[in-house]
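Next comes data32.cif, a file with mmCIF, C-alpha atoms.
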```cif
data_protein
#
loop_
_atom_site.label_atom_id
_atom_site.label_comp_id
_atom_site.auth_asym_id
_atom_site.auth_seq_id
_atom_site.Cartn_x
_atom_site.Cartn_y
_atom_site.Cartn_z
CA MET A 29 97.26 -17.85 -53.61
CA ASN A 30 94.40 -15.40 -53.89
CA TRP A 31 91.82 -18.14 -53.51
CA LEU A 32 92.98 -18.64 -49.91
CA ARG A 33 92.24 -15.04 -49.02
CA ARG A 34 88.83 -14.45 -47.39
CA SER A 35 86.64 -11.88 -49.08
CA SER A 36 84.61 -10.93 -45.98
CA SER A 37 85.80 -8.70 -43.19
CA GLU A 38 83.78 -10.73 -40.64
CA PRO A 39 85.76 -12.92 -38.21
CA LEU A 40 86.23 -16.49 -39.38
CA TRP A 41 84.14 -18.02 -36.59
CA LYS A 42 81.11 -15.91 -37.66
CA GLU A 43 81.35 -17.25 -41.17
CA GLU A 44 81.71 -20.84 -40.08
CA PHE A 45 78.98 -20.77 -37.40
CA PRO A 46 76.21 -18.64 -38.87
CA VAL A 47 73.47 -19.87 -36.44
CA ARG A 48 72.48 -17.21 -33.93
CA THR A 49 72.02 -18.29 -30.32
CA ALA A 50 68.53 -16.76 -30.12
CA ASP A 51 67.40 -18.69 -33.21
CA GLU A 52 68.81 -21.91 -31.85
CA ARG A 53 66.99 -21.46 -28.51
CA TYR A 54 63.79 -20.68 -30.38
CA VAL A 55 63.88 -23.97 -32.29
CA THR A 56 64.85 -25.97 -29.19
CA ARG A 57 61.86 -24.66 -27.23
CA ARG A 58 59.47 -25.60 -30.02
CA GLN A 59 60.93 -29.09 -30.12
CA LEU A 60 60.68 -29.43 -26.34
CA THR A 61 57.01 -28.38 -26.48
CA LYS A 62 56.37 -31.07 -29.07
CA PHE A 63 58.18 -33.63 -26.91
CA LEU A 64 56.13 -32.66 -23.82
CA VAL A 65 52.88 -33.09 -25.77
CA LEU A 66 54.00 -36.50 -27.01
CA THR A 67 54.80 -37.48 -23.40
CA SER A 68 51.32 -36.31 -22.40
CA PHE A 69 49.92 -38.58 -25.12
CA GLY A 70 51.97 -41.44 -23.67
CA MET A 71 50.44 -40.85 -20.22
CA PHE A 72 46.97 -40.90 -21.80
CA VAL A 73 47.74 -44.17 -23.58
CA GLY A 74 48.91 -45.62 -20.24
CA ASN A 75 45.60 -44.69 -18.62
CA LEU A 76 43.71 -46.16 -21.59
CA TRP A 77 45.65 -49.39 -21.18
CA ILE A 78 44.64 -49.62 -17.50
CA LEU A 79 41.02 -48.89 -18.51
CA PHE A 80 41.18 -51.63 -21.14
CA ARG A 81 42.61 -54.11 -18.63
CA SER A 82 39.95 -53.25 -16.03
CA LEU A 83 37.05 -53.47 -18.53
CA PHE A 84 38.12 -56.88 -19.82
CA TYR A 85 39.23 -58.21 -16.45
CA LYS A 86 38.31 -61.83 -15.75
CA PRO A 87 38.65 -63.06 -12.17
CA PRO A 88 41.36 -65.72 -12.22
CA THR A 89 40.43 -69.28 -11.35
CA HIS A 90 42.74 -70.81 -8.82
CA PRO A 91 43.55 -74.48 -8.62
CA GLN A 92 43.27 -76.45 -5.40
CA GLN A 93 46.65 -77.50 -4.13
CA THR A 94 47.76 -79.31 -1.00
CA VAL A 95 50.48 -77.21 0.62
CA ALA A 96 51.22 -79.07 3.87
CA ARG A 97 50.02 -81.61 6.40
CA LEU A 98 48.70 -80.27 9.70
CA GLY A 99 51.47 -81.83 11.76
CA ASP A 100 54.28 -80.90 9.42
CA LEU A 101 55.08 -77.57 11.05
CA PRO A 102 55.71 -76.69 14.70
CA VAL A 103 54.07 -73.55 16.11
CA GLY A 104 56.05 -70.65 14.64
CA GLY A 105 57.27 -72.87 11.83
CA VAL A 106 57.42 -71.76 8.23
CA LYS A 107 57.05 -73.53 4.91
CA LEU A 108 57.65 -72.03 1.47
CA PHE A 109 55.59 -73.18 -1.47
CA THR A 110 54.45 -71.95 -4.88
CA TYR A 111 50.83 -71.11 -5.73
CA PRO A 112 49.02 -70.88 -8.13
CA THR A 113 51.94 -71.21 -10.58
CA ASN A 114 55.53 -72.28 -10.05
CA TYR A 115 56.59 -68.63 -10.33
CA ASP A 116 54.38 -67.37 -7.47
CA HIS A 117 56.24 -67.95 -4.24
CA CYS A 118 54.25 -68.06 -1.02
CA ILE A 119 54.94 -68.44 2.68
CA LEU A 120 52.94 -70.59 5.10
CA VAL A 121 53.23 -69.88 8.84
CA ARG A 122 51.78 -71.85 11.72
CA THR A 123 50.90 -69.04 14.13
CA ALA A 124 49.12 -71.12 16.80
CA GLU A 125 48.27 -74.72 17.56
CA ASN A 126 45.25 -74.71 15.25
CA GLU A 127 46.00 -71.71 13.06
CA HIS A 128 47.86 -71.48 9.79
CA VAL A 129 48.16 -68.44 7.54
CA ALA A 130 49.69 -68.11 4.08
CA PHE A 131 50.63 -65.07 2.05
CA SER A 132 52.33 -64.24 -1.20
CA GLN A 133 56.03 -63.92 -0.50
CA LYS A 134 56.43 -61.03 -2.92
CA CYS A 135 56.61 -57.65 -1.16
CA THR A 136 54.09 -55.21 -2.63
CA HIS A 137 56.73 -52.48 -2.71
CA LEU A 138 59.48 -53.78 -5.01
CA SER A 139 58.85 -57.54 -5.02
CA CYS A 140 61.60 -58.63 -2.60
CA ALA A 141 60.87 -61.90 -0.76
CA VAL A 142 59.39 -61.36 2.70
CA TYR A 143 60.27 -63.67 5.61
CA TYR A 144 58.64 -64.47 8.93
CA SER A 145 60.17 -62.89 12.03
CA GLN A 146 59.11 -65.08 14.93
CA GLU A 147 60.38 -62.72 17.63
CA ASN A 148 58.34 -59.81 16.23
CA ASN A 149 55.52 -62.05 14.98
CA ARG A 150 55.29 -60.31 11.62
CA LEU A 151 56.40 -60.66 8.04
CA GLU A 152 59.39 -58.51 7.16
CA CYS A 153 60.89 -57.37 3.90
CA PRO A 154 64.69 -57.09 4.24
CA CYS A 155 65.14 -54.72 1.31
CA HIS A 156 63.44 -51.55 2.60
CA LYS A 157 62.17 -52.61 6.04
CA GLY A 158 58.55 -53.04 5.08
CA PHE A 159 56.66 -54.92 7.80
CA PHE A 160 53.36 -56.77 7.37
CA SER A 161 50.90 -58.07 9.95
CA ILE A 162 50.89 -61.85 10.27
CA ALA A 163 47.15 -61.71 11.04
CA ASP A 164 45.91 -60.25 7.75
CA GLY A 165 48.97 -59.17 5.73
CA SER A 166 48.26 -55.45 6.22
CA VAL A 167 51.15 -52.98 6.15
CA LEU A 168 52.53 -52.14 9.59
CA GLN A 169 55.47 -50.01 8.56
CA GLY A 170 57.63 -49.02 5.64
CA PRO A 171 57.22 -48.09 2.01
CA PRO A 172 54.71 -50.76 0.83
CA SER A 173 51.30 -49.21 0.20
CA ARG A 174 49.28 -52.40 -0.29
CA PRO A 175 48.82 -55.47 1.92
CA LEU A 176 50.24 -58.84 0.95
CA PRO A 177 47.84 -61.04 -1.07
CA ARG A 178 46.51 -63.74 1.23
CA ILE A 179 46.31 -67.39 0.22
CA ILE A 180 42.95 -68.86 1.25
CA LEU A 181 43.50 -72.16 3.07
CA GLU A 182 41.07 -74.96 3.86
CA LYS A 183 41.59 -77.87 6.21
CA ARG A 184 40.67 -81.15 4.60
CA GLY A 185 41.34 -84.04 6.93
CA ASP A 186 44.93 -83.61 8.00
CA GLU A 187 45.86 -81.58 4.95
CA LEU A 188 45.99 -77.83 4.31
CA VAL A 189 44.73 -77.01 0.85
CA ALA A 190 45.17 -73.67 -0.94
CA VAL A 191 41.95 -72.80 -2.75
CA GLY A 192 42.34 -69.15 -3.78
CA ILE A 193 43.98 -65.76 -3.34
CA LYS A 194 42.43 -62.76 -1.64
CA VAL A 195 43.80 -59.41 -2.80
CA SER A 196 42.66 -56.50 -0.64
CA MET B 8 58.32 0.62 -20.05
CA PRO B 9 57.34 -0.81 -23.46
CA GLY B 10 54.04 -2.64 -23.84
CA ASN B 11 53.77 -6.13 -25.26
CA SER B 12 52.90 -4.87 -28.73
CA GLU B 13 56.15 -2.90 -28.91
CA LEU B 14 58.30 -5.99 -28.41
CA PRO B 15 59.80 -7.63 -31.49
CA PRO B 16 57.69 -10.54 -32.86
CA LYS B 17 60.37 -13.11 -32.02
CA THR B 18 60.50 -12.02 -28.38
CA ARG B 19 56.71 -12.20 -28.13
CA GLY B 20 56.81 -15.65 -29.72
CA LEU B 21 59.40 -16.82 -27.20
CA THR B 22 57.29 -15.52 -24.32
CA ALA B 23 54.20 -17.31 -25.63
CA ILE B 24 56.11 -20.55 -26.07
CA ALA B 25 57.57 -20.28 -22.56
CA GLY B 26 54.09 -19.71 -21.09
CA ALA B 27 52.59 -22.63 -23.00
CA MET B 28 55.50 -24.85 -21.98
CA SER B 29 54.94 -24.01 -18.32
CA LEU B 30 51.25 -24.91 -18.58
CA ILE B 31 52.01 -28.13 -20.45
CA ALA B 32 54.64 -29.07 -17.85
CA VAL B 33 52.14 -28.58 -14.99
CA LEU B 34 49.53 -30.68 -16.81
CA LEU B 35 52.13 -33.35 -17.52
CA ILE B 36 53.07 -33.59 -13.83
CA VAL B 37 49.38 -34.07 -12.94
CA GLN B 38 49.11 -36.74 -15.65
CA VAL B 39 52.15 -38.62 -14.31
CA TRP B 40 50.67 -38.55 -10.81
CA LEU B 41 47.27 -39.67 -12.15
CA LEU B 42 48.79 -42.60 -14.03
CA SER B 43 50.81 -43.80 -11.04
CA ALA B 44 47.81 -43.48 -8.67
CA THR B 45 45.53 -45.33 -11.10
CA LEU B 46 48.07 -48.10 -11.57
CA GLU B 47 48.50 -48.46 -7.81
CA SER B 48 44.72 -48.62 -7.38
CA PHE B 49 44.36 -51.16 -10.23
CA LEU B 50 47.03 -53.42 -8.76
CA ALA B 51 45.27 -53.25 -5.40
CA GLY B 52 42.18 -54.75 -7.05
CA ASN B 53 40.14 -51.53 -7.30
CA ARG B 54 38.92 -51.19 -10.88
CA GLY B 55 36.45 -48.34 -10.41
CA SER B 56 39.03 -45.59 -10.69
CA ALA B 57 40.18 -46.46 -14.22
CA PRO B 58 37.33 -44.83 -16.28
CA PRO B 59 37.42 -41.35 -14.64
CA ALA B 60 41.22 -41.37 -14.66
CA ALA B 61 41.27 -42.16 -18.38
CA ILE B 62 38.73 -39.38 -19.10
CA PHE B 63 40.68 -36.76 -17.13
CA SER B 64 43.97 -37.87 -18.64
CA GLY B 65 42.42 -37.55 -22.10
CA LEU B 66 41.15 -34.06 -21.28
CA MET B 67 44.59 -33.00 -20.12
CA PHE B 68 46.16 -34.39 -23.29
CA LEU B 69 43.63 -32.43 -25.39
CA ILE B 70 44.50 -29.24 -23.51
CA CYS B 71 48.22 -29.92 -24.07
CA PHE B 72 47.56 -30.53 -27.76
CA GLY B 73 45.53 -27.32 -27.98
CA LEU B 74 48.39 -25.39 -26.39
CA TYR B 75 50.80 -26.95 -28.86
CA ARG B 76 48.60 -25.88 -31.78
CA PHE B 77 48.48 -22.38 -30.27
CA VAL B 78 52.27 -22.30 -30.05
CA ASP B 79 52.54 -23.61 -33.59
CA SER B 80 50.26 -20.88 -34.95
CA ILE B 81 52.20 -18.17 -33.10
CA ASP B 82 55.39 -19.64 -34.43
CA SER B 83 54.06 -19.53 -38.01
CA ASP B 84 52.97 -15.91 -37.56
CA VAL B 85 56.37 -14.92 -36.20
CA ARG B 86 58.20 -16.67 -39.02
CA ASN B 87 55.97 -15.13 -41.66
CA SER B 88 56.31 -11.64 -40.22
CA SER B 89 60.09 -11.77 -39.86
CA GLY B 90 60.72 -13.76 -43.05
CA ASP B 91 62.55 -16.36 -41.00
CA ARG B 92 62.97 -20.07 -41.88
#
```
Take the structure from the file and write it as structure tokens.
Amino acid sequence: MNWLRRSSSEPLWKEEFPVRTADERYVTRRQLTKFLVLTSFGMFVGNLWILFRSLFYKPPTHPQQTVARLGDLPVGGVKLFTYPTNYDHCILVRTAENEHVAFSQKCTHLSCAVYYSQENNRLECPCHKGFFSIADGSVLQGPPSRPLPRIILEKRGDELVAVGIKVS
Amino acid sequence: MPGNSELPPKTRGLTAIAGAMSLIAVLLIVQVWLLSATLESFLAGNRGSAPPAAIFSGLMFLICFGLYRFVDSIDSDVRNSSGDR
């Protein structure tokens, strides 16, 4: 049974784990530096992508779409519709006898659906309490940093027609 | 108190790598902030901020890459001098 006997006087764990802690830390730091530089390259690529999108940006053309009849809604009434595609939900509010406003229903913070609060006369996001002005969609309170995109409406006869989107 | 030249090569290498990592980390934080601010501005319809942001982000990446090359050269020197890996 001599082959079972260890020749070295070193403890067994030193023979089985010959990597020194200092060496291991040394390699790990080099790898982390490489990873940080790759992440920096990723950030640069992200900025290049935004630059590419802004250089080749084409203003979208919006269809004309009838969203409601003038007498459909009472003052303070709300109608939901989609514009310009079926995936873009919008909210139409009759704020006065002869005044209608429409905005994208998607909160500019994290895309929750905003609703009209008649008692506060503002648009409210229930997720994080972001409030928007009913007059122009600007942010009144909360985490959103951008106003709601406004749907441009035109009165044609007794119909309200959406003709575009104003992003400010 | 021993000077820098009296320290073992591996210790000096570790110090250099730690310093470069700190600088790269600071630059990376600025890059993350720059990307998020540019994206926010782009989504708000302002497209004028994209070109300078891309240029500055590229500069910061080049500095990070230069620091990495510096670390790599130090690492090679240390390995050659100590006969390591």
Quick one: apply the PyMOL selection byres ((chain B) within 10 of (chain A)) to the file and drop the selected residues here as a PyMOL selection string. chain B and resi 17-18+20-21+24-25+27-29+31-32+34-43+45-76+78-79+82+91-92
Taking only C-alpha atoms into account, name the residue in A:Leu40, A:Val95, A:Val189, A:Leu120 that is nearest to A:Leu151. A:Leu120
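The gap separating atom CA of A:Asp164 from atom CA of A:Pro88 is 21.2 Å, in Å to one decimal.
Closest to A:His117 among A:His137, A:Thr89, A:Val142, A:Pro102 is A:Val142, based on only C-alpha atoms.
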Students should find that atom CA of A:Gly104 and atom CA of A:Ile180 are spaced 18.8 Å
Selected by the PyMOL selection byres ((chain A and resi 150) around 8) in the shown coordinates: which residues, as a PyMOL selection string? chain A and resi 144-146+148-149+151-152+159-162
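Across the model, the gap from atom CA of A:Ser139 to atom CA of A:Lys107 is 18.9 Å.
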Given the PyMOL selection byres ((chain A and resi 192) around 12), the residues it picks as number ranges by chain: A: 87-94, 111-113, 130-132, 177-182, 189-191, 193-195
Create the file for the chosen residues now, containing C-alpha atoms and written as a compact mmCIF listing (two decimals), in the frame of the given file.
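Result file result_14.txt:
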```
# COMPACT_ATOMS: atom_id res chain seq x y z
CA PRO A 87 38.65 -63.06 -12.17
CA PRO A 88 41.36 -65.72 -12.22
CA THR A 89 40.43 -69.28 -11.35
CA HIS A 90 42.74 -70.81 -8.82
CA PRO A 91 43.55 -74.48 -8.62
CA GLN A 92 43.27 -76.45 -5.40
CA GLN A 93 46.65 -77.50 -4.13
CA THR A 94 47.76 -79.31 -1.00
CA TYR A 111 50.83 -71.11 -5.73
CA PRO A 112 49.02 -70.88 -8.13
CA THR A 113 51.94 -71.21 -10.58
CA ALA A 130 49.69 -68.11 4.08
CA PHE A 131 50.63 -65.07 2.05
CA SER A 132 52.33 -64.24 -1.20
CA PRO A 177 47.84 -61.04 -1.07
CA ARG A 178 46.51 -63.74 1.23
CA ILE A 179 46.31 -67.39 0.22
CA ILE A 180 42.95 -68.86 1.25
CA LEU A 181 43.50 -72.16 3.07
CA GLU A 182 41.07 -74.96 3.86
CA VAL A 189 44.73 -77.01 0.85
CA ALA A 190 45.17 -73.67 -0.94
CA VAL A 191 41.95 -72.80 -2.75
CA ILE A 193 43.98 -65.76 -3.34
CA LYS A 194 42.43 -62.76 -1.64
CA VAL A 195 43.80 -59.41 -2.80
```
